[in-house]
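coords.txt (compact mmCIF, C-alpha atoms and all ligand atoms)
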```
# COMPACT_ATOMS: atom_id res chain seq x y z
CA MET A 1 74.80 -16.78 246.40
CA ARG A 2 74.98 -13.04 245.57
CA ALA A 3 77.88 -11.19 243.96
CA LEU A 4 78.34 -7.44 243.54
CA LEU A 5 80.59 -6.33 240.67
CA LEU A 6 81.63 -2.69 241.03
CA GLY A 7 82.86 -1.51 237.62
CA GLY A 8 81.38 -4.76 236.31
CA ALA A 9 80.42 -3.47 232.84
CA GLY A 10 84.08 -3.30 231.80
CA PHE A 11 86.31 -5.93 230.27
CA ILE A 12 87.14 -8.20 233.21
CA GLY A 13 83.76 -7.50 234.83
CA LEU A 14 81.79 -8.80 231.88
CA HIS A 15 83.71 -12.08 231.75
CA LEU A 16 83.47 -12.45 235.51
CA ALA A 17 79.71 -11.75 235.47
CA ARG A 18 79.21 -14.42 232.84
CA ARG A 19 81.20 -16.95 234.83
CA LEU A 20 79.42 -16.20 238.11
CA VAL A 21 75.99 -16.46 236.45
CA ASN A 22 77.04 -19.86 235.07
CA ASP A 23 78.08 -20.85 238.59
CA GLY A 24 74.57 -19.99 239.82
CA TYR A 25 75.23 -16.56 241.36
CA GLU A 26 72.77 -13.71 241.38
CA VAL A 27 74.96 -10.94 239.96
CA THR A 28 74.55 -7.17 240.38
CA VAL A 29 76.74 -4.84 238.31
CA VAL A 30 77.30 -1.20 239.28
CA ASP A 31 79.00 0.98 236.67
CA ASP A 32 78.90 4.58 235.48
CA PHE A 33 79.48 3.43 231.88
CA SER A 34 82.35 5.88 231.48
CA ARG A 35 84.19 3.02 229.77
CA GLY A 36 82.11 -0.12 230.20
CA ARG A 37 79.10 -0.86 228.03
CA GLN A 38 75.64 -2.21 228.62
CA ASP A 39 75.63 -4.46 225.58
CA ALA A 40 74.00 -7.75 224.71
CA ASP A 41 76.57 -9.59 226.78
CA LEU A 42 75.19 -8.03 229.95
CA SER A 43 71.51 -8.34 229.14
CA SER A 44 71.10 -11.69 230.88
CA SER A 45 68.09 -11.62 233.18
CA SER A 46 70.29 -12.93 236.00
CA VAL A 47 72.40 -9.73 235.95
CA LYS A 48 70.95 -6.66 237.60
CA ILE A 49 72.51 -3.41 236.33
CA ILE A 50 72.75 -0.25 238.41
CA SER A 51 74.07 2.89 236.75
CA ALA A 52 75.95 4.91 239.37
CA ASP A 53 79.15 6.85 239.95
CA LEU A 54 81.21 5.06 242.59
CA THR A 55 83.16 8.21 243.45
CA ASP A 56 79.91 9.40 245.06
CA PRO A 57 79.32 7.92 248.55
CA ALA A 58 75.55 8.13 247.90
CA SER A 59 75.98 5.37 245.28
CA TYR A 60 77.16 3.00 247.99
CA ALA A 61 74.56 4.20 250.48
CA GLY A 62 71.88 3.10 247.99
CA LEU A 63 73.15 -0.51 247.87
CA SER A 64 71.94 -3.33 250.11
CA HIS A 65 74.30 -5.55 252.13
CA GLY A 66 74.54 -9.31 252.56
CA TRP A 67 76.78 -10.05 249.54
CA ASP A 68 78.74 -13.28 249.44
CA GLN A 69 81.34 -11.68 247.16
CA ILE A 70 82.15 -8.07 246.24
CA TYR A 71 84.64 -7.20 243.48
CA LEU A 72 86.04 -3.68 243.06
CA LEU A 73 86.99 -3.40 239.39
CA ALA A 74 86.00 0.23 238.78
CA ALA A 75 88.98 2.37 237.85
CA VAL A 76 90.31 4.63 235.15
CA VAL A 77 92.69 2.33 233.22
CA GLY A 78 94.68 2.32 229.99
CA VAL A 79 97.92 4.13 229.23
CA ARG A 80 96.21 6.74 227.05
CA ASN A 81 93.66 7.67 229.76
CA VAL A 82 96.36 7.77 232.39
CA GLU A 83 98.71 9.98 230.36
CA LYS A 84 95.83 12.28 229.36
CA ASP A 85 94.35 12.91 232.80
CA PRO A 86 96.42 11.59 235.72
CA ALA A 87 94.48 13.72 238.23
CA ARG A 88 91.27 11.93 237.22
CA VAL A 89 93.00 8.56 237.61
CA VAL A 90 94.04 9.35 241.17
CA ARG A 91 90.63 10.83 242.03
CA VAL A 92 88.41 8.08 240.60
CA ASN A 93 90.54 5.11 241.62
CA THR A 94 91.06 6.40 245.14
CA LEU A 95 87.53 7.63 245.90
CA ALA A 96 85.87 4.47 244.53
CA ALA A 97 88.05 2.42 246.89
CA MET A 98 87.73 4.66 249.96
CA HIS A 99 83.93 4.96 249.75
CA LEU A 100 83.67 1.18 249.39
CA LEU A 101 85.77 0.76 252.53
CA ASP A 102 83.50 3.15 254.47
CA TRP A 103 80.45 1.17 253.30
CA VAL A 104 81.51 -2.50 253.43
CA ALA A 105 80.13 -4.49 256.37
CA PRO A 106 81.97 -6.86 258.72
CA GLY A 107 81.86 -10.45 257.44
CA GLU A 108 81.71 -9.50 253.72
CA ARG A 109 84.45 -10.61 251.32
CA VAL A 110 85.97 -8.12 248.91
CA PHE A 111 88.35 -8.44 245.95
CA PHE A 112 90.48 -5.40 245.05
CA ALA A 113 91.82 -5.28 241.48
CA SER A 114 95.44 -4.11 241.49
CA THR A 115 98.17 -4.23 238.89
CA SER A 116 101.66 -5.35 237.88
CA GLU A 117 102.38 -1.66 237.23
CA VAL A 118 103.37 -1.39 240.91
CA TYR A 119 106.61 -3.18 239.96
CA ALA A 120 107.55 -1.06 236.94
CA GLY A 121 109.84 1.28 238.91
CA GLY A 122 111.54 -1.60 240.76
CA VAL A 123 112.13 -3.68 237.62
CA ASP A 124 113.64 -0.70 235.80
CA ALA A 125 115.85 0.12 238.79
CA GLY A 126 117.01 -3.51 239.01
CA VAL A 127 115.65 -4.05 242.57
CA ALA A 128 112.82 -6.37 241.46
CA GLY A 129 113.72 -9.54 239.54
CA VAL A 130 111.65 -11.12 236.78
CA PRO A 131 109.64 -13.37 237.20
CA THR A 132 108.54 -11.07 239.98
CA ALA A 133 107.17 -12.29 243.32
CA GLU A 134 104.70 -10.36 245.48
CA ASP A 135 107.24 -9.60 248.22
CA VAL A 136 109.70 -7.45 246.23
CA PRO A 137 109.54 -3.72 246.99
CA ALA A 138 106.87 -1.88 245.03
CA MET A 139 108.50 1.26 243.71
CA ILE A 140 107.43 4.51 242.08
CA SER A 141 110.49 5.91 240.36
CA ASP A 142 108.99 9.33 239.57
CA ILE A 143 105.97 10.54 241.53
CA THR A 144 105.54 13.48 239.11
CA ALA A 145 105.32 11.31 235.96
CA PRO A 146 101.69 11.02 234.74
CA ARG A 147 102.01 7.30 233.93
CA PHE A 148 102.75 6.44 237.57
CA ALA A 149 99.48 8.04 238.78
CA TYR A 150 97.80 4.68 238.09
CA ALA A 151 100.30 2.62 240.14
CA VAL A 152 100.16 5.18 242.96
CA SER A 153 96.36 4.93 243.11
CA LYS A 154 96.51 1.12 243.17
CA LEU A 155 99.17 1.01 245.90
CA LEU A 156 97.08 3.31 248.07
CA GLY A 157 94.08 1.05 247.42
CA GLU A 158 96.02 -2.08 248.40
CA ALA A 159 97.16 -0.58 251.71
CA ALA A 160 93.70 0.84 252.43
CA PHE A 161 92.01 -2.53 251.78
CA LEU A 162 94.40 -4.62 253.84
CA HIS A 163 94.50 -2.28 256.86
CA THR A 164 90.76 -1.50 256.85
CA ALA A 165 89.84 -5.19 256.51
CA ARG A 166 91.73 -5.94 259.72
CA ALA A 167 90.26 -2.91 261.49
CA LYS A 168 86.63 -3.52 260.41
CA GLY A 169 86.57 -7.32 260.33
CA PHE A 170 85.92 -8.15 256.68
CA ASP A 171 87.96 -10.28 254.25
CA ALA A 172 90.02 -8.51 251.58
CA VAL A 173 91.86 -10.21 248.73
CA VAL A 174 94.18 -8.10 246.57
CA GLY A 175 94.79 -9.47 243.05
CA ARG A 176 97.63 -7.95 241.04
CA PHE A 177 96.69 -8.57 237.39
CA HIS A 178 99.46 -9.09 234.84
CA ASN A 179 98.55 -8.28 231.21
CA VAL A 180 95.06 -9.76 231.00
CA TYR A 181 93.64 -9.83 227.47
CA GLY A 182 90.66 -11.20 225.56
CA PRO A 183 87.51 -10.29 223.64
CA ARG A 184 85.77 -6.94 224.32
CA MET A 185 88.70 -5.29 226.06
CA GLY A 186 88.69 -1.90 224.31
CA ALA A 187 91.19 -0.93 221.63
CA ASP A 188 94.13 0.57 223.48
CA HIS A 189 95.80 -2.68 224.58
CA VAL A 190 98.45 -4.32 222.45
CA ILE A 191 96.57 -7.45 221.26
CA PRO A 192 93.31 -5.76 220.13
CA GLU A 193 95.22 -2.79 218.80
CA MET A 194 97.45 -5.02 216.63
CA SER A 195 94.43 -7.12 215.61
CA LEU A 196 92.58 -4.04 214.35
CA ARG A 197 95.61 -2.80 212.41
CA ALA A 198 96.15 -6.25 210.88
CA GLN A 199 92.48 -6.37 209.89
CA ALA A 200 92.84 -2.95 208.24
CA GLY A 201 95.71 -4.38 206.15
CA GLU A 202 98.46 -2.13 207.57
CA ASP A 203 101.66 -2.53 205.53
CA PRO A 204 104.34 -1.96 206.70
CA PHE A 205 103.06 -3.32 209.99
CA LEU A 206 104.46 -1.30 212.91
CA VAL A 207 105.51 -3.17 216.05
CA PRO A 208 106.41 -0.77 218.87
CA GLY A 209 108.69 -2.31 221.51
CA ALA A 210 109.23 -5.51 219.51
CA ASP A 211 112.06 -6.61 221.85
CA GLN A 212 110.05 -6.16 225.06
CA PHE A 213 108.82 -9.25 226.92
CA ARG A 214 105.38 -9.84 228.40
CA ALA A 215 103.45 -12.82 229.80
CA PHE A 216 99.84 -12.44 228.63
CA CYS A 217 96.95 -14.01 230.53
CA HIS A 218 93.67 -14.82 228.82
CA VAL A 219 90.68 -13.37 230.65
CA ASP A 220 89.12 -16.83 231.16
CA ASP A 221 92.21 -17.84 233.15
CA ALA A 222 92.17 -14.54 235.08
CA VAL A 223 88.52 -15.08 236.01
CA GLU A 224 89.27 -18.64 237.12
CA ALA A 225 92.01 -17.29 239.39
CA MET A 226 89.70 -14.62 240.87
CA VAL A 227 86.91 -17.11 241.56
CA ARG A 228 89.34 -19.54 243.17
CA LEU A 229 90.90 -16.82 245.35
CA MET A 230 87.48 -15.63 246.50
CA GLY A 231 86.64 -19.24 247.43
CA THR A 232 89.85 -19.74 249.43
CA PRO A 233 89.63 -18.58 253.07
CA GLU A 234 93.46 -18.43 253.38
CA ALA A 235 93.60 -15.80 250.62
CA ALA A 236 92.06 -13.20 252.94
CA GLY A 237 94.55 -10.46 253.78
CA GLN A 238 96.90 -11.49 250.96
CA ILE A 239 98.28 -9.82 247.85
CA VAL A 240 98.34 -12.43 245.06
CA HIS A 241 99.41 -12.31 241.43
CA ILE A 242 96.98 -13.21 238.67
CA GLY A 243 98.55 -13.99 235.31
CA ASN A 244 100.10 -16.63 233.08
CA ASP A 245 103.81 -17.41 233.49
CA ARG A 246 103.91 -20.21 230.93
CA GLU A 247 104.39 -18.43 227.65
CA GLU A 248 106.42 -15.28 228.10
CA THR A 249 106.78 -13.79 224.64
CA ASN A 250 108.47 -10.84 223.04
CA ILE A 251 106.19 -8.37 221.28
CA GLY A 252 107.74 -9.18 217.88
CA ASP A 253 106.64 -12.84 218.24
CA LEU A 254 103.23 -11.70 219.46
CA ALA A 255 102.86 -9.61 216.29
CA ALA A 256 103.70 -12.73 214.25
CA LEU A 257 100.86 -14.61 216.00
CA VAL A 258 98.40 -11.78 215.27
CA LEU A 259 99.47 -11.67 211.61
CA ARG A 260 99.09 -15.45 211.39
CA ALA A 261 95.54 -15.13 212.74
CA ALA A 262 94.93 -12.47 210.06
CA GLY A 263 96.45 -14.61 207.31
CA ALA A 264 98.54 -11.53 206.43
CA SER A 265 102.24 -11.17 205.62
CA PRO A 266 103.08 -7.46 205.49
CA VAL A 267 106.56 -6.00 205.94
CA VAL A 268 107.12 -5.83 209.72
CA SER A 269 108.75 -2.66 211.04
CA ALA A 270 109.98 -2.65 214.65
CA THR A 271 109.70 0.80 216.25
CA ALA A 272 110.58 2.32 219.64
CA ALA A 273 108.69 1.15 222.73
CA PRO A 274 106.20 3.60 224.28
CA PRO A 275 108.12 5.87 226.69
CA GLY A 276 108.40 4.51 230.23
CA SER A 277 107.13 1.00 229.46
CA VAL A 278 109.01 -1.71 231.31
CA HIS A 279 111.34 -3.98 229.28
CA ARG A 280 110.19 -7.27 230.77
CA ARG A 281 107.18 -8.33 232.83
CA CYS A 282 106.33 -11.82 234.07
CA PRO A 283 104.68 -12.81 237.35
CA ASP A 284 105.89 -15.43 239.78
CA LEU A 285 102.65 -17.37 240.39
CA SER A 286 103.86 -19.63 243.24
CA LYS A 287 101.52 -18.00 245.75
CA LEU A 288 98.44 -18.27 243.53
CA ARG A 289 99.26 -21.91 242.78
CA SER A 290 99.85 -22.89 246.39
CA LEU A 291 96.70 -21.12 247.63
CA THR A 292 94.31 -22.30 244.91
CA GLY A 293 95.88 -24.98 242.68
CA TYR A 294 95.37 -22.63 239.68
CA GLU A 295 97.05 -23.42 236.37
CA PRO A 296 96.55 -21.24 233.28
CA LYS A 297 94.78 -23.19 230.55
CA VAL A 298 94.45 -20.95 227.47
CA SER A 299 97.52 -21.00 225.20
CA LEU A 300 98.69 -17.70 223.73
CA GLU A 301 98.08 -18.90 220.18
CA GLU A 302 94.52 -19.98 221.01
CA GLY A 303 93.81 -16.78 222.98
CA VAL A 304 95.19 -14.47 220.31
CA ALA A 305 93.20 -16.29 217.61
CA SER A 306 89.91 -16.02 219.53
CA THR A 307 90.54 -12.37 220.45
CA PHE A 308 91.42 -11.59 216.84
CA ALA A 309 88.19 -13.30 215.70
CA TRP A 310 86.11 -11.26 218.16
CA TYR A 311 87.57 -7.98 216.84
CA ALA A 312 87.11 -9.15 213.24
CA GLU A 313 83.41 -9.64 213.99
CA HIS A 314 82.78 -6.56 216.17
CA GLY A 315 85.32 -4.03 214.89
CA ARG A 316 86.75 -1.17 216.92
CA PRO A 317 84.73 -0.52 220.10
CA SER A 318 83.07 2.92 219.98
N1 LIG A 401 92.97 -5.70 232.07
C1 LIG A 401 94.16 -5.80 232.68
O1 LIG A 401 95.12 -6.39 232.15
C2 LIG A 401 94.38 -5.22 234.05
C3 LIG A 401 95.69 -5.19 234.52
C4 LIG A 401 95.91 -4.66 235.78
C5 LIG A 401 94.85 -4.23 236.56
N2 LIG A 401 93.58 -4.26 236.07
C6 LIG A 401 92.50 -3.74 236.94
O2 LIG A 401 91.34 -4.55 236.84
C7 LIG A 401 90.16 -3.74 236.92
C8 LIG A 401 89.27 -4.00 235.71
O3 LIG A 401 90.01 -3.70 234.53
P1 LIG A 401 89.36 -3.75 233.09
O4 LIG A 401 90.45 -4.10 232.16
O5 LIG A 401 88.12 -4.57 233.14
O6 LIG A 401 89.02 -2.20 232.88
P2 LIG A 401 87.71 -1.52 232.23
O7 LIG A 401 88.06 -0.09 231.99
O8 LIG A 401 87.23 -2.32 231.09
O9 LIG A 401 86.64 -1.62 233.41
C9 LIG A 401 86.57 -0.66 234.44
C10 LIG A 401 85.10 -0.30 234.63
O10 LIG A 401 85.00 0.68 235.66
C11 LIG A 401 83.98 1.59 235.29
N3 LIG A 401 84.16 2.84 236.04
C12 LIG A 401 85.17 3.74 235.93
N4 LIG A 401 84.95 4.77 236.77
C13 LIG A 401 83.78 4.50 237.43
C14 LIG A 401 83.03 5.21 238.41
N5 LIG A 401 83.43 6.41 238.89
N6 LIG A 401 81.88 4.66 238.85
C15 LIG A 401 81.44 3.47 238.37
N7 LIG A 401 82.12 2.75 237.44
C16 LIG A 401 83.28 3.28 236.96
C17 LIG A 401 84.15 1.77 233.78
O11 LIG A 401 82.98 2.28 233.14
C18 LIG A 401 84.48 0.33 233.38
O12 LIG A 401 83.29 -0.39 233.03
C19 LIG A 401 90.64 -2.28 237.02
O13 LIG A 401 90.60 -1.89 238.37
C20 LIG A 401 92.07 -2.34 236.52
O14 LIG A 401 92.87 -1.34 237.11
C21 LIG A 401 93.31 -4.75 234.83
```

Please express the file's structure as structure tokens.
Ligand SMILES: NC(=O)c1ccc[n+]([C@@H]2O[C@H](COP(=O)([O-])OP(=O)(O)OC[C@H]3O[C@@H](n4cnc5c(N)ncnc54)[C@H](O)[C@@H]3O)[C@@H](O)[C@H]2O)c1
Amino acid sequence: MRALLLGGAGFIGLHLARRLVNDGYEVTVVDDFSRGRQDADLSSSSVKIISADLTDPASYAGLSHGWDQIYLLAAVVGVRNVEKDPARVVRVNTLAAMHLLDWVAPGERVFFASTSEVYAGGVDAGVAGVPTAEDVPAMISDITAPRFAYAVSKLLGEAAFLHTARAKGFDAVVGRFHNVYGPRMGADHVIPEMSLRAQAGEDPFLVPGADQFRAFCHVDDAVEAMVRLMGTPEAAGQIVHIGNDREETNIGDLAALVLRAAGASPVVSATAAPPGSVHRRCPDLSKLRSLTGYEPKVSLEEGVASTFAWYAEHGRPS
């Protein structure tokens, strides 16, 4: 079995590559290393690495066909990147998807990585409930706001994948990830960011958005969900949530878990949430469960402790 991981040198890609190699796949990763890294974790002889820019159609033209599974993970992600250069977000995320759709062959099976951010406008406007199901309206409350450039690019990608799959005769599965976390995920996500500050002994310990609620999903569970969806014929043509609905937590309690992992007890100081971030996010996972039988396995305490330990060993990613 052969799997192609586009943007596979990033956070989710690395964990997915490892899992697919363990499952006996021959894995090829394509990445431009704008964010991902070619580190020891990817040096397995069973992973072939191709360095290429997926916004260039020539990068696809150079690839063979006959893949059992193709995953499109390449994107510009992270609030800081999105706020800093929304035009790049739209350009990279859209072109990587559109060139893939021009290249993919009938009969292949493709996973498109989308996001819970498509609900942020609807949750804030009160038209999407929480836990949120896939069939509520996706809503962009301000098309001019830089932070929505990411959700716009992902919504375009979803529509392009689902319509083109029907037109060209390939299988497309759209996974909307909800707050996936774990080792080697970069530093600008809440769990690694807090872990690094706790390790540096910050006191008082700042907790932005302490009263906001999130449902965090360990990357091992997210990978399990992806693999199951790609092995389920009925998932073709569907948009499906990937997350963990079992342990919704507020950010203040999450900070307490990180500080427990650090063995630290600084003064905790709750500060304002980052502008525009949604108050509560939790996926309804009924569709994922009924299609695949998935159940999240990694508890938040266990996942935070192992992520904290990884950052204690490796430090801030360069
Ligand atoms: N981590 C999450 O919680 C989360 C949540 C929602 C959606 N997603 C989606 O899942 C996917 C993977 O996310 P991640 O957290 O692993 O991000 P990541 O940034 O770690 O990985 C993305 C990879 O894409 C590569 N890339 C970017 N532009 C490229 C280009 N032009 N050509 C080739 N490669 C390019 C980067 O170098 C990086 O290795 C993304 O599409 C993201 O939008 C992730």

Test item: residues no farther than 7 Å from ligand LIG 401 (chain A), counting only C-alpha atoms and all ligand atoms, as JSON, numbers by chain: {"A": [6, 7, 8, 9, 10, 11, 12, 13, 30, 31, 32, 33, 34, 35, 36, 37, 52, 53, 54, 55, 72, 73, 74, 75, 76, 77, 92, 96, 113, 114, 115, 116, 176, 177, 178, 179, 180, 181, 185, 186]}

Contacts of Ala272 in chain A within 7 Å, only C-alpha atoms, excl. fewer than 2 positions in-chain, as a list in words: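 That gives Pro208, Gly209 and Pro274 of chain A.
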
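Going from CA of Val190 in chain A to CA of Glu301 in chain A covers 14.8 Å.
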
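The space separating CA of Pro192 in chain A from CA of Thr307 in chain A comes to 7.2 Å.
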
CA of Pro137 in chain A to CA of Pro283 in chain A, distance in Å rounded to a single decimal: 14.1 Å

Contact residues around Ala120 in chain A with only C-alpha atoms at 8 Å, ignoring same-chain residues under 2 positions, as a PDB file with C-alpha atoms, in the coordinates of the input:
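Written file, part-v2.pdb:
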```pdb
ATOM      1  CA  SER A 116     101.660  -5.350 237.880  1.00  0.00           C
ATOM      2  CA  GLU A 117     102.380  -1.660 237.230  1.00  0.00           C
ATOM      3  CA  VAL A 118     103.370  -1.390 240.910  1.00  0.00           C
ATOM      4  CA  GLY A 122     111.540  -1.600 240.760  1.00  0.00           C
ATOM      5  CA  VAL A 123     112.130  -3.680 237.620  1.00  0.00           C
ATOM      6  CA  ASP A 124     113.640  -0.700 235.800  1.00  0.00           C
ATOM      7  CA  MET A 139     108.500   1.260 243.710  1.00  0.00           C
ATOM      8  CA  ILE A 140     107.430   4.510 242.080  1.00  0.00           C
ATOM      9  CA  SER A 277     107.130   1.000 229.460  1.00  0.00           C
ATOM     10  CA  VAL A 278     109.010  -1.710 231.310  1.00  0.00           C
TER      11      VAL A 278
END
```

Put a box with edges along x, y and z around all the listed atoms of range 48-66 of chain A, pad it by 5 Å on each side, then give me its centre and sizes in Å, one decimal, as JSON.
```
{"center_x": 77.1, "center_y": 0.0, "center_z": 244.4, "size_x": 22.2, "size_y": 28.7, "size_z": 26.2}
```

Tyr71 in chain A environment, 7 Å, all atoms listed in the file, sequence neighbours closer than 6 positions dropped, as a list in words: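 Listed by chain and then number, they are Leu4, Leu5, Leu6, Val110, Phe111 and Phe112 of chain A.
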
Who sits within 6 Å of Ala215 in chain A, all atoms listed in the file, same chain under 4 positions skipped, as a count of residues only: 3

Neighbour residues at most 12 Å from (88.3, -15.6, 245.7) (only C-alpha atoms) as a ChimeraX atom specification: /A:3,16,20,68-71,109-113,171-175,222-240,242,288,291-292,294

Would you write out those residues with C-alpha atoms, as a PDB file, in the frame of the given file?
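What landed in out-v8.pdb:
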```pdb
ATOM      1  CA  ALA A   3      77.880 -11.190 243.960  1.00  0.00           C
ATOM      2  CA  LEU A  16      83.470 -12.450 235.510  1.00  0.00           C
ATOM      3  CA  LEU A  20      79.420 -16.200 238.110  1.00  0.00           C
ATOM      4  CA  ASP A  68      78.740 -13.280 249.440  1.00  0.00           C
ATOM      5  CA  GLN A  69      81.340 -11.680 247.160  1.00  0.00           C
ATOM      6  CA  ILE A  70      82.150  -8.070 246.240  1.00  0.00           C
ATOM      7  CA  TYR A  71      84.640  -7.200 243.480  1.00  0.00           C
ATOM      8  CA  ARG A 109      84.450 -10.610 251.320  1.00  0.00           C
ATOM      9  CA  VAL A 110      85.970  -8.120 248.910  1.00  0.00           C
ATOM     10  CA  PHE A 111      88.350  -8.440 245.950  1.00  0.00           C
ATOM     11  CA  PHE A 112      90.480  -5.400 245.050  1.00  0.00           C
ATOM     12  CA  ALA A 113      91.820  -5.280 241.480  1.00  0.00           C
ATOM     13  CA  ASP A 171      87.960 -10.280 254.250  1.00  0.00           C
ATOM     14  CA  ALA A 172      90.020  -8.510 251.580  1.00  0.00           C
ATOM     15  CA  VAL A 173      91.860 -10.210 248.730  1.00  0.00           C
ATOM     16  CA  VAL A 174      94.180  -8.100 246.570  1.00  0.00           C
ATOM     17  CA  GLY A 175      94.790  -9.470 243.050  1.00  0.00           C
ATOM     18  CA  ALA A 222      92.170 -14.540 235.080  1.00  0.00           C
ATOM     19  CA  VAL A 223      88.520 -15.080 236.010  1.00  0.00           C
ATOM     20  CA  GLU A 224      89.270 -18.640 237.120  1.00  0.00           C
ATOM     21  CA  ALA A 225      92.010 -17.290 239.390  1.00  0.00           C
ATOM     22  CA  MET A 226      89.700 -14.620 240.870  1.00  0.00           C
ATOM     23  CA  VAL A 227      86.910 -17.110 241.560  1.00  0.00           C
ATOM     24  CA  ARG A 228      89.340 -19.540 243.170  1.00  0.00           C
ATOM     25  CA  LEU A 229      90.900 -16.820 245.350  1.00  0.00           C
ATOM     26  CA  MET A 230      87.480 -15.630 246.500  1.00  0.00           C
ATOM     27  CA  GLY A 231      86.640 -19.240 247.430  1.00  0.00           C
ATOM     28  CA  THR A 232      89.850 -19.740 249.430  1.00  0.00           C
ATOM     29  CA  PRO A 233      89.630 -18.580 253.070  1.00  0.00           C
ATOM     30  CA  GLU A 234      93.460 -18.430 253.380  1.00  0.00           C
ATOM     31  CA  ALA A 235      93.600 -15.800 250.620  1.00  0.00           C
ATOM     32  CA  ALA A 236      92.060 -13.200 252.940  1.00  0.00           C
ATOM     33  CA  GLY A 237      94.550 -10.460 253.780  1.00  0.00           C
ATOM     34  CA  GLN A 238      96.900 -11.490 250.960  1.00  0.00           C
ATOM     35  CA  ILE A 239      98.280  -9.820 247.850  1.00  0.00           C
ATOM     36  CA  VAL A 240      98.340 -12.430 245.060  1.00  0.00           C
ATOM     37  CA  ILE A 242      96.980 -13.210 238.670  1.00  0.00           C
ATOM     38  CA  LEU A 288      98.440 -18.270 243.530  1.00  0.00           C
ATOM     39  CA  LEU A 291      96.700 -21.120 247.630  1.00  0.00           C
ATOM     40  CA  THR A 292      94.310 -22.300 244.910  1.00  0.00           C
ATOM     41  CA  TYR A 294      95.370 -22.630 239.680  1.00  0.00           C
TER      42      TYR A 294
END
```

A:Asp220, A:Ala151, A:Asp188, A:Ala159 ranked by distance to Arg18 in chain A, top pick (using only C-alpha atoms): A:Asp220

Among the residues A:Asp203, A:Arg214, A:Arg280, A:His241, the one that comes closest to Val268 in chain A [using only C-alpha atoms]: A:Asp203

Shortest interatomic distance to Arg316 in chain A - which of A:Pro146, A:Gly24, A:Pro183, A:Pro106, counting only C-alpha atoms: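 Checking each of A:Pro146, A:Gly24, A:Pro183, A:Pro106 against Arg316 in chain A, counting only C-alpha atoms, the winner is A:Pro183.
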
Counting only C-alpha atoms, the residue of A:Ser286, A:Ser141, A:Ser153, A:Ser299 that sits nearest Val89 in chain A: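 When distances to Val89 in chain A are compared using only C-alpha atoms, the smallest one comes from A:Ser153.
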
Kindly output range 151-163 of chain A as an mmCIF file, in the coordinates of the input, after building N, CA and C atoms.
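Writing done, so here's out-v5.cif:
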```cif
data_model
loop_
_atom_site.group_PDB
_atom_site.id
_atom_site.type_symbol
_atom_site.label_atom_id
_atom_site.label_comp_id
_atom_site.auth_asym_id
_atom_site.auth_seq_id
_atom_site.Cartn_x
_atom_site.Cartn_y
_atom_site.Cartn_z
ATOM 1 N N ALA A 151 99.683 3.512 239.145
ATOM 2 C CA ALA A 151 100.300 2.620 240.140
ATOM 3 C C ALA A 151 100.163 3.211 241.546
ATOM 4 N N VAL A 152 100.302 4.534 241.655
ATOM 5 C CA VAL A 152 100.160 5.180 242.960
ATOM 6 C C VAL A 152 98.749 4.931 243.513
ATOM 7 N N SER A 153 97.740 5.111 242.647
ATOM 8 C CA SER A 153 96.360 4.930 243.110
ATOM 9 C C SER A 153 96.119 3.482 243.545
ATOM 10 N N LYS A 154 96.730 2.537 242.834
ATOM 11 C CA LYS A 154 96.510 1.120 243.170
ATOM 12 C C LYS A 154 97.256 0.739 244.453
ATOM 13 N N LEU A 155 98.447 1.317 244.657
ATOM 14 C CA LEU A 155 99.170 1.010 245.900
ATOM 15 C C LEU A 155 98.419 1.552 247.104
ATOM 16 N N LEU A 156 97.877 2.757 246.972
ATOM 17 C CA LEU A 156 97.080 3.310 248.070
ATOM 18 C C LEU A 156 95.883 2.388 248.331
ATOM 19 N N GLY A 157 95.227 1.947 247.274
ATOM 20 C CA GLY A 157 94.080 1.050 247.420
ATOM 21 C C GLY A 157 94.453 -0.245 248.135
ATOM 22 N N GLU A 158 95.578 -0.829 247.760
ATOM 23 C CA GLU A 158 96.020 -2.080 248.400
ATOM 24 C C GLU A 158 96.170 -1.882 249.905
ATOM 25 N N ALA A 159 96.913 -0.818 250.282
ATOM 26 C CA ALA A 159 97.160 -0.580 251.710
ATOM 27 C C ALA A 159 95.839 -0.301 252.435
ATOM 28 N N ALA A 160 94.981 0.493 251.800
ATOM 29 C CA ALA A 160 93.700 0.840 252.430
ATOM 30 C C ALA A 160 92.860 -0.425 252.642
ATOM 31 N N PHE A 161 92.812 -1.310 251.647
ATOM 32 C CA PHE A 161 92.010 -2.530 251.780
ATOM 33 C C PHE A 161 92.547 -3.434 252.894
ATOM 34 N N LEU A 162 93.848 -3.652 252.883
ATOM 35 C CA LEU A 162 94.400 -4.620 253.840
ATOM 36 C C LEU A 162 94.284 -4.099 255.278
ATOM 37 N N HIS A 163 94.584 -2.820 255.490
ATOM 38 C CA HIS A 163 94.500 -2.280 256.860
ATOM 39 C C HIS A 163 93.045 -2.176 257.325
#
```
